[in-house]
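Have a look at coords-v5.cif; it's mmCIF, C-alpha atoms:
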data_protein
#
loop_
_atom_site.label_atom_id
_atom_site.label_comp_id
_atom_site.auth_asym_id
_atom_site.auth_seq_id
_atom_site.Cartn_x
_atom_site.Cartn_y
_atom_site.Cartn_z
CA MET A 1231 1.24 23.38 -5.97
CA THR A 1232 -0.64 20.10 -6.29
CA ASP A 1233 -2.89 19.80 -9.34
CA PRO A 1234 -6.40 19.37 -7.85
CA ARG A 1235 -7.35 17.16 -10.78
CA LEU A 1236 -4.89 14.46 -9.75
CA GLN A 1237 -6.72 11.67 -7.98
CA ARG A 1238 -3.72 10.58 -5.94
CA PRO A 1239 -0.45 12.50 -6.21
CA PRO A 1240 2.70 10.71 -4.96
CA ALA A 1241 3.71 11.10 -1.33
CA GLU A 1242 6.47 13.61 -2.11
CA VAL A 1243 3.84 15.89 -3.68
CA ARG A 1244 1.09 15.38 -1.10
CA PHE A 1245 3.45 16.03 1.79
CA ALA A 1246 5.91 18.42 0.10
CA ASP A 1247 5.59 21.00 2.88
CA GLU A 1248 6.40 18.46 5.59
CA LEU A 1249 9.40 17.12 3.68
CA ALA A 1250 10.70 20.65 3.16
CA ARG A 1251 10.41 21.46 6.88
CA LEU A 1252 12.13 18.23 7.84
CA ARG A 1253 15.01 18.91 5.44
CA GLU A 1254 15.38 22.44 6.73
CA ASP A 1255 15.56 21.39 10.39
CA ASP A 1256 17.50 18.16 9.86
CA GLN A 1257 20.84 18.33 11.65
CA ALA A 1258 21.34 14.58 12.25
CA PRO A 1259 23.85 12.57 10.21
CA ARG A 1260 22.47 11.12 6.98
CA PRO A 1261 23.35 7.77 5.44
CA PRO A 1262 25.18 8.27 2.12
CA GLY A 1263 22.83 9.28 -0.66
CA TRP A 1264 19.82 9.91 1.59
CA ALA A 1265 17.68 13.05 1.35
CA LEU A 1266 16.94 12.95 5.11
CA SER A 1267 18.58 11.54 8.19
CA MET A 1268 17.18 8.28 9.50
CA SER A 1269 15.50 10.02 12.44
CA ALA A 1270 13.87 12.60 10.16
CA ALA A 1271 12.70 9.89 7.76
CA ARG A 1272 11.16 8.04 10.71
CA ARG A 1273 9.33 11.17 11.84
CA PHE A 1274 7.99 11.67 8.32
CA VAL A 1275 6.45 8.19 8.32
CA VAL A 1276 5.20 7.80 11.91
CA GLY A 1277 4.55 11.50 12.56
CA ASP A 1278 5.75 14.11 15.03
CA GLU A 1279 2.90 16.06 16.61
CA ARG A 1280 5.13 18.73 18.12
CA ALA A 1281 6.69 19.53 14.75
CA GLY A 1282 3.38 19.42 12.89
CA ILE A 1283 4.30 16.25 10.97
CA SER A 1284 1.25 14.07 10.37
CA ARG A 1285 1.15 10.36 11.09
CA LYS A 1286 0.94 8.59 7.76
CA PHE A 1287 1.52 4.93 8.59
CA VAL A 1288 -0.59 3.39 11.34
CA GLY A 1289 1.47 0.46 12.52
CA ASP A 1290 4.39 -0.63 14.65
CA PRO A 1291 7.03 2.16 14.73
CA SER A 1292 9.74 -0.47 15.28
CA LEU A 1293 8.83 -1.92 11.87
CA VAL A 1294 9.63 1.47 10.34
CA ASP A 1295 12.92 1.59 12.27
CA ARG A 1296 13.98 -1.84 11.03
CA SER A 1297 12.96 -0.99 7.46
CA LEU A 1298 15.03 2.20 7.41
CA VAL A 1299 18.06 0.43 8.88
CA THR A 1300 17.77 -2.24 6.18
CA LEU A 1301 17.83 0.40 3.44
CA ALA A 1302 21.01 1.86 4.90
CA THR A 1303 22.69 -1.51 4.30
CA SER A 1304 23.30 -3.21 0.97
CA ARG A 1305 20.28 -5.51 1.35
CA GLY A 1306 16.83 -5.14 -0.15
CA LEU A 1307 13.72 -4.70 1.96
CA MET A 1308 10.79 -7.09 1.51
CA LEU A 1309 7.44 -6.09 3.04
CA VAL A 1310 5.04 -9.03 3.29
CA GLY A 1311 1.56 -9.36 4.73
CA GLU A 1312 -2.13 -9.70 4.03
CA PRO A 1313 -3.57 -7.54 1.23
CA GLY A 1314 -4.71 -4.15 2.44
CA THR A 1315 -2.22 -3.80 5.30
CA ALA A 1316 -0.59 -0.68 3.78
CA LYS A 1317 2.59 -2.34 2.49
CA SER A 1318 2.54 -0.23 -0.67
CA LEU A 1319 1.85 2.93 1.31
CA LEU A 1320 4.78 2.20 3.62
CA SER A 1321 7.12 1.57 0.70
CA GLU A 1322 5.97 4.82 -0.93
CA LEU A 1323 6.49 6.84 2.24
CA ILE A 1324 9.93 5.36 2.87
CA ALA A 1325 11.01 6.04 -0.73
CA ALA A 1326 9.77 9.64 -0.52
CA ALA A 1327 11.65 10.19 2.75
CA VAL A 1328 14.90 8.48 1.75
CA SER A 1329 15.13 9.58 -1.90
CA GLY A 1330 12.78 12.52 -2.15
CA GLY A 1331 10.72 10.60 -4.74
CA SER A 1332 8.64 7.45 -4.88
CA THR A 1333 7.81 7.08 -8.57
CA LEU A 1334 10.59 4.67 -9.59
CA THR A 1335 8.13 1.79 -9.37
CA ILE A 1336 7.76 -1.61 -11.01
CA GLN A 1337 4.29 -3.16 -10.87
CA GLY A 1338 4.74 -6.90 -10.77
CA GLY A 1339 2.46 -9.22 -12.68
CA ALA A 1340 2.36 -12.17 -15.06
CA ALA A 1341 3.18 -9.87 -17.98
CA THR A 1342 6.15 -8.13 -16.33
CA THR A 1343 9.36 -8.55 -18.34
CA GLU A 1344 13.05 -8.01 -17.62
CA ASP A 1345 12.97 -4.97 -19.93
CA GLN A 1346 10.55 -3.27 -17.55
CA ILE A 1347 13.04 -3.75 -14.72
CA LYS A 1348 16.38 -2.89 -16.38
CA TYR A 1349 16.15 -1.14 -19.75
CA SER A 1350 14.73 -1.30 -23.24
CA TRP A 1351 15.35 0.52 -26.53
CA ASN A 1352 13.80 3.20 -28.67
CA TYR A 1353 13.68 1.01 -31.76
CA ALA A 1354 13.37 3.87 -34.25
CA LEU A 1355 16.64 5.37 -32.96
CA LEU A 1356 18.17 1.92 -32.57
CA VAL A 1357 17.60 1.14 -36.26
CA SER A 1358 18.74 4.55 -37.50
CA GLU A 1359 21.72 5.14 -35.17
CA GLY A 1360 22.53 1.79 -33.64
CA PRO A 1361 22.90 1.16 -29.88
CA SER A 1362 23.67 4.39 -28.03
CA THR A 1363 22.78 6.18 -24.84
CA ARG A 1364 20.28 8.16 -26.91
CA SER A 1365 18.38 5.06 -27.99
CA LEU A 1366 18.53 3.48 -24.50
CA VAL A 1367 15.30 3.67 -22.48
CA PRO A 1368 16.18 3.17 -18.81
CA ALA A 1369 13.72 1.28 -16.62
CA PRO A 1370 13.28 1.99 -12.88
CA VAL A 1371 16.17 -0.15 -11.63
CA LEU A 1372 18.67 1.34 -14.07
CA ARG A 1373 17.53 4.85 -13.16
CA GLY A 1374 17.60 4.05 -9.46
CA MET A 1375 21.16 2.79 -9.67
CA ALA A 1376 22.37 5.70 -11.81
CA GLU A 1377 20.66 8.36 -9.66
CA GLY A 1378 21.10 6.71 -6.23
CA LYS A 1379 17.35 6.36 -5.58
CA VAL A 1380 15.02 3.86 -3.92
CA VAL A 1381 13.21 1.58 -6.37
CA ARG A 1382 9.85 0.09 -5.40
CA PHE A 1383 8.90 -3.37 -6.73
CA GLU A 1384 5.20 -4.01 -6.07
CA GLU A 1385 3.79 -7.55 -5.96
CA ILE A 1386 7.11 -9.16 -6.80
CA THR A 1387 5.78 -12.71 -6.35
CA ARG A 1388 3.26 -12.12 -9.14
CA CYS A 1389 6.19 -12.04 -11.60
CA PRO A 1390 7.58 -15.14 -13.32
CA LEU A 1391 10.59 -16.67 -11.55
CA GLU A 1392 13.04 -15.80 -14.32
CA VAL A 1393 12.00 -12.14 -14.08
CA GLN A 1394 12.39 -12.15 -10.31
CA ASP A 1395 15.84 -13.66 -10.59
CA SER A 1396 17.01 -10.86 -12.88
CA LEU A 1397 17.43 -8.94 -9.61
CA LEU A 1398 20.04 -11.37 -8.26
CA SER A 1399 23.13 -9.80 -9.78
CA LEU A 1400 21.74 -6.29 -9.39
CA LEU A 1401 21.37 -6.69 -5.63
CA SER A 1402 24.67 -8.47 -5.08
CA GLU A 1403 27.02 -6.84 -7.62
CA ARG A 1404 25.25 -3.42 -7.65
CA VAL A 1405 25.81 -3.04 -11.38
CA VAL A 1406 23.79 -3.35 -14.60
CA ALA A 1407 25.64 -4.56 -17.67
CA ILE A 1408 24.46 -3.23 -21.05
CA PRO A 1409 26.40 -5.40 -23.51
CA GLU A 1410 25.07 -3.52 -26.54
CA LEU A 1411 26.92 -0.35 -25.52
CA PRO A 1412 30.72 -0.17 -25.91
CA GLY A 1413 33.16 1.25 -23.39
CA PRO A 1414 32.22 2.75 -20.03
CA ASP A 1415 28.59 3.26 -21.11
CA GLY A 1416 28.16 -0.50 -21.03
CA MET A 1417 28.29 -0.67 -17.22
CA VAL A 1418 26.03 1.30 -14.86
CA PHE A 1419 27.19 1.14 -11.26
CA ALA A 1420 24.91 1.84 -8.31
CA ARG A 1421 25.38 5.16 -6.54
CA ASP A 1422 24.92 5.76 -2.83
CA GLY A 1423 21.23 5.76 -1.94
CA PHE A 1424 20.19 2.97 -4.32
CA ALA A 1425 18.00 0.34 -2.67
CA VAL A 1426 15.07 -1.90 -3.54
CA VAL A 1427 11.85 -2.09 -1.52
CA ALA A 1428 9.62 -4.96 -2.63
CA THR A 1429 6.16 -6.01 -1.47
CA ALA A 1430 4.39 -9.36 -1.57
CA ASN A 1431 1.02 -10.59 -0.36
CA THR A 1432 0.91 -13.68 1.81
CA ARG A 1433 -2.25 -14.66 -0.09
CA ASP A 1434 -0.05 -15.02 -3.19
CA ARG A 1435 2.30 -17.46 -1.52
CA GLY A 1436 3.00 -20.28 -3.96
CA VAL A 1437 2.00 -18.30 -7.07
CA ASN A 1438 5.62 -17.63 -8.03
CA GLU A 1439 7.55 -18.41 -4.87
CA MET A 1440 10.84 -16.55 -4.68
CA SER A 1441 14.04 -18.53 -5.09
CA ALA A 1442 16.20 -19.11 -2.03
CA ALA A 1443 19.00 -17.10 -3.66
CA LEU A 1444 16.75 -14.06 -4.10
CA LYS A 1445 15.33 -14.35 -0.58
CA ARG A 1446 18.87 -14.16 0.81
CA ARG A 1447 19.26 -10.72 -0.71
CA PHE A 1448 16.28 -9.29 1.18
CA ASN A 1449 15.43 -8.61 4.78
CA PHE A 1450 11.81 -9.67 5.34
CA GLU A 1451 9.43 -7.59 7.44
CA THR A 1452 5.79 -8.54 8.05
CA VAL A 1453 3.16 -5.81 8.06
CA PHE A 1454 0.30 -6.91 10.32
CA PRO A 1455 -3.33 -5.69 10.34
CA ILE A 1456 -4.16 -2.94 12.83
CA ALA A 1457 -4.72 -4.61 16.18
CA ASP A 1458 -6.60 -1.87 18.04
CA PHE A 1459 -10.25 -1.15 17.18
CA ARG A 1460 -10.12 2.57 18.04
CA THR A 1461 -6.98 3.09 15.99
CA GLU A 1462 -8.51 1.36 12.97
CA LEU A 1463 -11.75 3.30 13.38
CA ALA A 1464 -9.89 6.61 13.47
CA LEU A 1465 -7.94 5.69 10.33
CA VAL A 1466 -11.07 4.63 8.43
CA GLU A 1467 -12.83 7.84 9.48
CA GLN A 1468 -9.87 9.99 8.40
CA GLU A 1469 -9.43 8.34 5.01
CA ALA A 1470 -13.17 8.06 4.27
CA THR A 1471 -13.66 11.74 5.11
CA ARG A 1472 -10.84 12.71 2.75
CA LEU A 1473 -12.23 10.60 -0.10
CA LEU A 1474 -15.77 11.86 0.41
CA GLU A 1475 -14.63 15.48 0.36
CA ARG A 1476 -12.82 14.83 -2.91
CA SER A 1477 -15.96 13.18 -4.29
CA GLY A 1478 -18.05 16.26 -3.60
CA VAL A 1479 -19.97 14.86 -0.64
CA GLY A 1480 -21.15 17.71 1.57
CA VAL A 1481 -21.38 15.90 4.90
CA PRO A 1482 -18.85 13.84 6.89
CA PRO A 1483 -19.48 10.12 7.49
CA ARG A 1484 -21.55 9.20 10.52
CA ARG A 1485 -19.40 7.98 13.40
CA ASP A 1486 -21.95 5.34 14.51
CA VAL A 1487 -22.14 3.91 10.99
CA LEU A 1488 -18.35 3.73 10.78
CA GLU A 1489 -18.24 1.94 14.15
CA VAL A 1490 -20.66 -0.67 12.80
CA LEU A 1491 -18.64 -1.03 9.60
CA VAL A 1492 -15.23 -1.39 11.26
CA ARG A 1493 -16.52 -3.80 13.93
CA THR A 1494 -18.18 -5.90 11.23
CA PHE A 1495 -14.95 -6.08 9.25
CA ARG A 1496 -12.99 -7.10 12.34
CA ASP A 1497 -15.53 -9.80 13.20
CA LEU A 1498 -15.59 -11.22 9.68
CA ARG A 1499 -11.82 -11.37 9.29
CA GLY A 1500 -11.14 -13.49 12.33
CA ALA A 1501 -12.76 -12.62 15.65
CA GLY A 1502 -15.57 -15.18 15.32
CA GLN A 1503 -15.62 -18.93 14.75
CA PRO A 1504 -13.48 -20.22 11.85
CA ALA A 1505 -16.65 -21.27 9.99
CA ASP A 1506 -17.85 -17.64 10.07
CA ARG A 1507 -14.66 -16.09 8.70
CA LEU A 1508 -14.76 -14.89 5.15
CA SER A 1509 -12.20 -16.19 2.70
CA THR A 1510 -11.91 -12.78 1.06
CA VAL A 1511 -9.65 -10.14 2.59
CA MET A 1512 -11.57 -7.84 4.96
CA SER A 1513 -8.73 -5.37 5.29
CA THR A 1514 -8.66 -1.81 6.56
CA ALA A 1515 -8.22 -0.63 2.98
CA GLU A 1516 -11.43 -2.47 2.02
CA ALA A 1517 -13.20 -0.90 5.01
CA VAL A 1518 -12.19 2.56 3.75
CA SER A 1519 -13.50 1.68 0.30
CA VAL A 1520 -16.84 0.53 1.70
CA ALA A 1521 -17.11 3.61 3.93
CA HIS A 1522 -16.51 5.76 0.85
CA ALA A 1523 -19.23 3.92 -1.07
CA VAL A 1524 -21.66 4.22 1.86
CA GLY A 1525 -21.14 7.99 1.96
CA LEU A 1526 -21.59 8.30 -1.81
CA ARG A 1527 -24.84 6.30 -1.73
CA GLY A 1528 -26.25 8.35 1.11
CA TRP A 1529 -25.33 11.75 -0.35
CA TYR A 1530 -26.06 11.29 -4.03
CA LEU A 1531 -29.18 9.13 -3.64
CA ARG A 1532 -30.81 10.72 -0.57
CA GLY A 1533 -28.80 13.82 0.40
CA GLU A 1534 -27.56 12.38 3.71
CA ALA A 1535 -24.42 10.83 5.19
CA GLY A 1536 -25.22 7.14 4.69
CA SER A 1537 -26.83 4.55 6.95
CA PRO A 1538 -26.41 0.98 8.21
CA GLU A 1539 -28.67 -0.10 5.35
CA ASP A 1540 -26.09 1.28 2.92
CA VAL A 1541 -23.43 -0.74 4.73
CA VAL A 1542 -25.30 -3.96 3.93
CA GLU A 1543 -25.74 -2.94 0.28
CA CYS A 1544 -22.04 -2.14 -0.09
CA LEU A 1545 -20.74 -5.13 1.84
CA ALA A 1546 -22.12 -7.64 -0.65
CA GLY A 1547 -19.63 -6.71 -3.38
CA THR A 1548 -16.76 -6.88 -0.91
CA ALA A 1549 -17.73 -10.19 0.66
CA ALA A 1550 -18.52 -12.25 -2.43
CA LYS A 1551 -15.35 -11.73 -4.48
CA ASP A 1552 -13.58 -15.05 -4.16
CA ASN A 1553 -16.05 -17.57 -2.80
CA ALA A 1554 -19.82 -17.83 -3.22
CA ASP A 1555 -20.05 -19.26 0.30
CA ASP A 1556 -18.86 -15.92 1.68
CA LEU A 1557 -22.26 -14.38 0.93
CA ALA A 1558 -23.91 -17.10 3.04
CA ARG A 1559 -21.41 -16.46 5.85
CA LEU A 1560 -22.17 -12.74 5.72
CA ARG A 1561 -25.91 -13.45 5.88
CA ARG A 1562 -25.38 -15.78 8.84
CA TYR A 1563 -23.38 -13.07 10.59
CA LEU A 1564 -26.14 -10.52 10.09
CA GLU A 1565 -28.80 -12.95 11.29
CA GLN A 1566 -27.02 -14.52 14.26
CA GLN A 1567 -24.20 -12.28 15.49
CA VAL A 1568 -25.50 -8.75 14.87
CA PRO A 1569 -28.58 -9.10 17.15
CA ARG A 1570 -26.22 -9.66 20.09
CA ARG A 1571 -24.89 -6.12 19.71
CA THR A 1572 -26.59 -3.19 21.40
CA GLY A 1573 -27.51 0.14 19.84
CA GLU A 1574 -29.93 1.42 17.23
CA GLN A 1575 -27.27 1.29 14.50
CA TRP A 1576 -26.87 -2.46 15.07
CA ARG A 1577 -30.62 -3.00 15.06
CA ALA A 1578 -30.79 -1.10 11.76
CA LEU A 1579 -28.03 -3.32 10.35
CA HIS A 1580 -29.96 -6.42 11.39
CA ARG A 1581 -33.20 -5.14 9.84
CA ALA A 1582 -31.39 -4.51 6.56
CA ARG A 1583 -30.16 -8.09 6.18
CA HIS A 1584 -32.82 -8.74 3.50
CA LEU A 1585 -30.93 -6.32 1.23
CA LEU A 1586 -28.22 -8.90 0.61
CA PRO A 1587 -28.62 -10.36 -2.91
CA GLY A 1588 -29.49 -13.99 -3.46
#

Please, can you express the file's structure as structure tokens?
Amino acid sequence: MTDPRLQRPPAEVRFADELARLREDDQAPRPPGWALSMSAARRFVVGDERAGISRKFVGDPSLVDRSLVTLATSRGLMLVGEPGTAKSLLSELIAAAVSGGSTLTIQGGAATTEDQIKYSWNYALLVSEGPSTRSLVPAPVLRGMAEGKVVRFEEITRCPLEVQDSLLSLLSERVVAIPELPGPDGMVFARDGFAVVATANTRDRGVNEMSAALKRRFNFETVFPIADFRTELALVEQEATRLLERSGVGVPPRRDVLEVLVRTFRDLRGAGQPADRLSTVMSTAEAVSVAHAVGLRGWYLRGEAGSPEDVVECLAGTAAKDNADDLARLRRYLEQQVPRRTGEQWRALHRARHLLPG
């Protein structure tokens, strides 16, 4: 049973019942080392209404197909795209379906070291006993290879190049050498089921660009923003409702307010003139975050579901993250573009434009 105090349990815990049903009914052939067949893993990610399996990833099903096929080969999978396009969610869902667990994860960053990828040592035991399997502290890749599991590498391009390139021999030779250990313990060979799923933001391109040698060891798949307005609206409503319930809010979000919010995000991230587009990322994930904040403001400050005025208040912190000019672009949108829309919720949004700071 899921601990209700956990803010966000991993996918294999949140959807344990669905995974158990899929395993029980799964009669299709499975790739070596997989917990589910490829067809069952696909159904877990994209959903199967007839079987009561929820849709968890809102995107192109063929992207999921290609990703699963890649993991059945000896190549790594690289998911790239704008921030907030659910790359991390997709990697988590795939790992849960293929391996039954998604927690073998490396979070890339400037401070990530090779020890956090391969292994390190318990230095108290190392000093007292010398190098041994007891003093070895396996990192996600070593565990993934030894157990035949999927390893997730988040934000790989945020890591220094020399750290990235420590994956080269692991992905090609499928072995980790531990020179400190003698005999057979000094080599850990990958078991069936081991694979690496990495993610990278296109906004980070050029920060620590991957080497050509490392790129050759991955199949690249681009995760695009949700193209359809109604699909994005339904996702924002679903996720915002879930977050608000967890936050103790007693009313669901207003549909008309969510329509205003999602349409505003879509306009500001590219539907208008280039001069009106915000430099910050107006992703679906950000829209969910703002919808959550709108509901919290409405409920805890006034005992209601939230209003277009709350949308303006909450948008300011989203819009002005990277560039001070974005606040001016948002104000111009509220003053010039919003009045062209019809409906009381749009008129309320326009009237609230004075709530923007500055």

Chain and number of each residue from the PyMOL selection byres ((chain A and resi 1326) around 12), as a count of residues only:
39

Skip Arg1476 (chain A) itself and residues of its chain fewer than 5 positions away, then list as an NGL selection string all residues within 10 Å of it, counting all atoms listed in the file.
:A and (1234-1235 or 1237 or 1470-1471)

Between CA of Leu1545 (chain A) and CA of Asp1290 (chain A) lies a distance of 28.6 Å

Counting all atoms listed in the file, what is within 10 Å of Ile1283 (chain A), bar same-chain residues fewer than 2 positions away, as a ChimeraX atom specification?
/A:1245,1247-1249,1251-1252,1273-1281,1285-1286

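Taking only C-alpha atoms, the non-local environment of Arg1484 (chain A) within 9 Å (same-chain residues fewer than 5 positions away omitted) comprises Glu1467, Glu1489, Gly1525, Ala1535, Gly1536 and Ser1537 of chain A.
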
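The shortest atom-to-atom distance to Glu1344 (chain A), with all atoms listed in the file taken into account, belongs to A:Pro1390 out of A:Gly1416, A:Pro1390, A:Gly1311, A:Pro1361.
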
Skipping near chain neighbours, those fewer than 2 positions away, what residues fall within 6 Å of Leu1498 (chain A) using all atoms listed in the file, listed as a PyMOL selection string?
chain A and resi 1495-1496+1500+1507-1508

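As for CA of Glu1385 (chain A) and CA of Glu1403 (chain A), they are spaced 23.3 Å apart.
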
Which residue of A:Phe1450, A:Leu1444, A:Ala1420, A:Ser1284 approaches Leu1307 (chain A) most closely, using all atoms listed in the file:
A:Phe1450

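Using only C-alpha atoms, the smallest distance between any of A:Leu1355, A:Val1418, A:Val1520, A:Ala1341 and Glu1377 (chain A) comes from A:Val1418.
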
Go through the shown structure with the PyMOL selection byres ((chain A and resi 1292) around 12) and write out the matching residues as a PyMOL selection string.
chain A and resi 1272+1275-1276+1287-1291+1293-1299+1451-1453

Mind writing the picked residues with C-alpha atoms as a short mmCIF file (atom, residue, chain, number, x, y, z; two decimals), keeping the file's coordinate frame?
data_model
loop_
_atom_site.label_atom_id
_atom_site.label_comp_id
_atom_site.auth_asym_id
_atom_site.auth_seq_id
_atom_site.Cartn_x
_atom_site.Cartn_y
_atom_site.Cartn_z
CA ARG A 1272 11.16 8.04 10.71
CA VAL A 1275 6.45 8.19 8.32
CA VAL A 1276 5.20 7.80 11.91
CA PHE A 1287 1.52 4.93 8.59
CA VAL A 1288 -0.59 3.39 11.34
CA GLY A 1289 1.47 0.46 12.52
CA ASP A 1290 4.39 -0.63 14.65
CA PRO A 1291 7.03 2.16 14.73
CA LEU A 1293 8.83 -1.92 11.87
CA VAL A 1294 9.63 1.47 10.34
CA ASP A 1295 12.92 1.59 12.27
CA ARG A 1296 13.98 -1.84 11.03
CA SER A 1297 12.96 -0.99 7.46
CA LEU A 1298 15.03 2.20 7.41
CA VAL A 1299 18.06 0.43 8.88
CA GLU A 1451 9.43 -7.59 7.44
CA THR A 1452 5.79 -8.54 8.05
CA VAL A 1453 3.16 -5.81 8.06
#

Smallest atom-to-atom distance to Ala1521 (chain A): which of A:Leu1465, A:Met1308, A:Leu1398, A:Leu1560, using all atoms listed in the file?
A:Leu1465

For the atom pair CA of Asp1497 (chain A) and CA of Arg1460 (chain A), what is the interatomic distance in Å to one decimal place?
14.3 Å

Using all atoms listed in the file, which of the listed residues (A:Leu1557, A:Ser1513, A:Ala1443, A:Leu1400) sits closest to Met1417 (chain A)?
A:Leu1400

Which neighbours of Arg1583 (chain A) fall inside 8 Å, counting all atoms listed in the file, when residues of the same chain fewer than 3 positions from it are skipped, and could you give them as a count of residues only?
7

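Considering the residues A:Met1440, A:Val1511, A:Ala1430, A:Val1490 and counting all atoms listed in the file, Glu1574 (chain A) has its shortest atom-to-atom contact with A:Val1490.
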
Once the PyMOL selection byres ((chain A and resi 1518) around 12) has been evaluated on this model, what residues remain selected, and can you format them as a compact mmCIF listing (two decimals) with C-alpha atoms, in the coordinates of the input?
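Result file out-v9.txt:
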# COMPACT_ATOMS: atom_id res chain seq x y z
CA GLY A 1314 -4.71 -4.15 2.44
CA THR A 1315 -2.22 -3.80 5.30
CA GLU A 1462 -8.51 1.36 12.97
CA LEU A 1463 -11.75 3.30 13.38
CA ALA A 1464 -9.89 6.61 13.47
CA LEU A 1465 -7.94 5.69 10.33
CA VAL A 1466 -11.07 4.63 8.43
CA GLU A 1467 -12.83 7.84 9.48
CA GLN A 1468 -9.87 9.99 8.40
CA GLU A 1469 -9.43 8.34 5.01
CA ALA A 1470 -13.17 8.06 4.27
CA THR A 1471 -13.66 11.74 5.11
CA ARG A 1472 -10.84 12.71 2.75
CA LEU A 1473 -12.23 10.60 -0.10
CA LEU A 1474 -15.77 11.86 0.41
CA PRO A 1483 -19.48 10.12 7.49
CA LEU A 1488 -18.35 3.73 10.78
CA LEU A 1491 -18.64 -1.03 9.60
CA VAL A 1492 -15.23 -1.39 11.26
CA PHE A 1495 -14.95 -6.08 9.25
CA MET A 1512 -11.57 -7.84 4.96
CA SER A 1513 -8.73 -5.37 5.29
CA THR A 1514 -8.66 -1.81 6.56
CA ALA A 1515 -8.22 -0.63 2.98
CA GLU A 1516 -11.43 -2.47 2.02
CA ALA A 1517 -13.20 -0.90 5.01
CA SER A 1519 -13.50 1.68 0.30
CA VAL A 1520 -16.84 0.53 1.70
CA ALA A 1521 -17.11 3.61 3.93
CA HIS A 1522 -16.51 5.76 0.85
CA ALA A 1523 -19.23 3.92 -1.07
CA VAL A 1524 -21.66 4.22 1.86
CA GLY A 1525 -21.14 7.99 1.96
CA VAL A 1541 -23.43 -0.74 4.73
CA CYS A 1544 -22.04 -2.14 -0.09
CA LEU A 1545 -20.74 -5.13 1.84
CA THR A 1548 -16.76 -6.88 -0.91
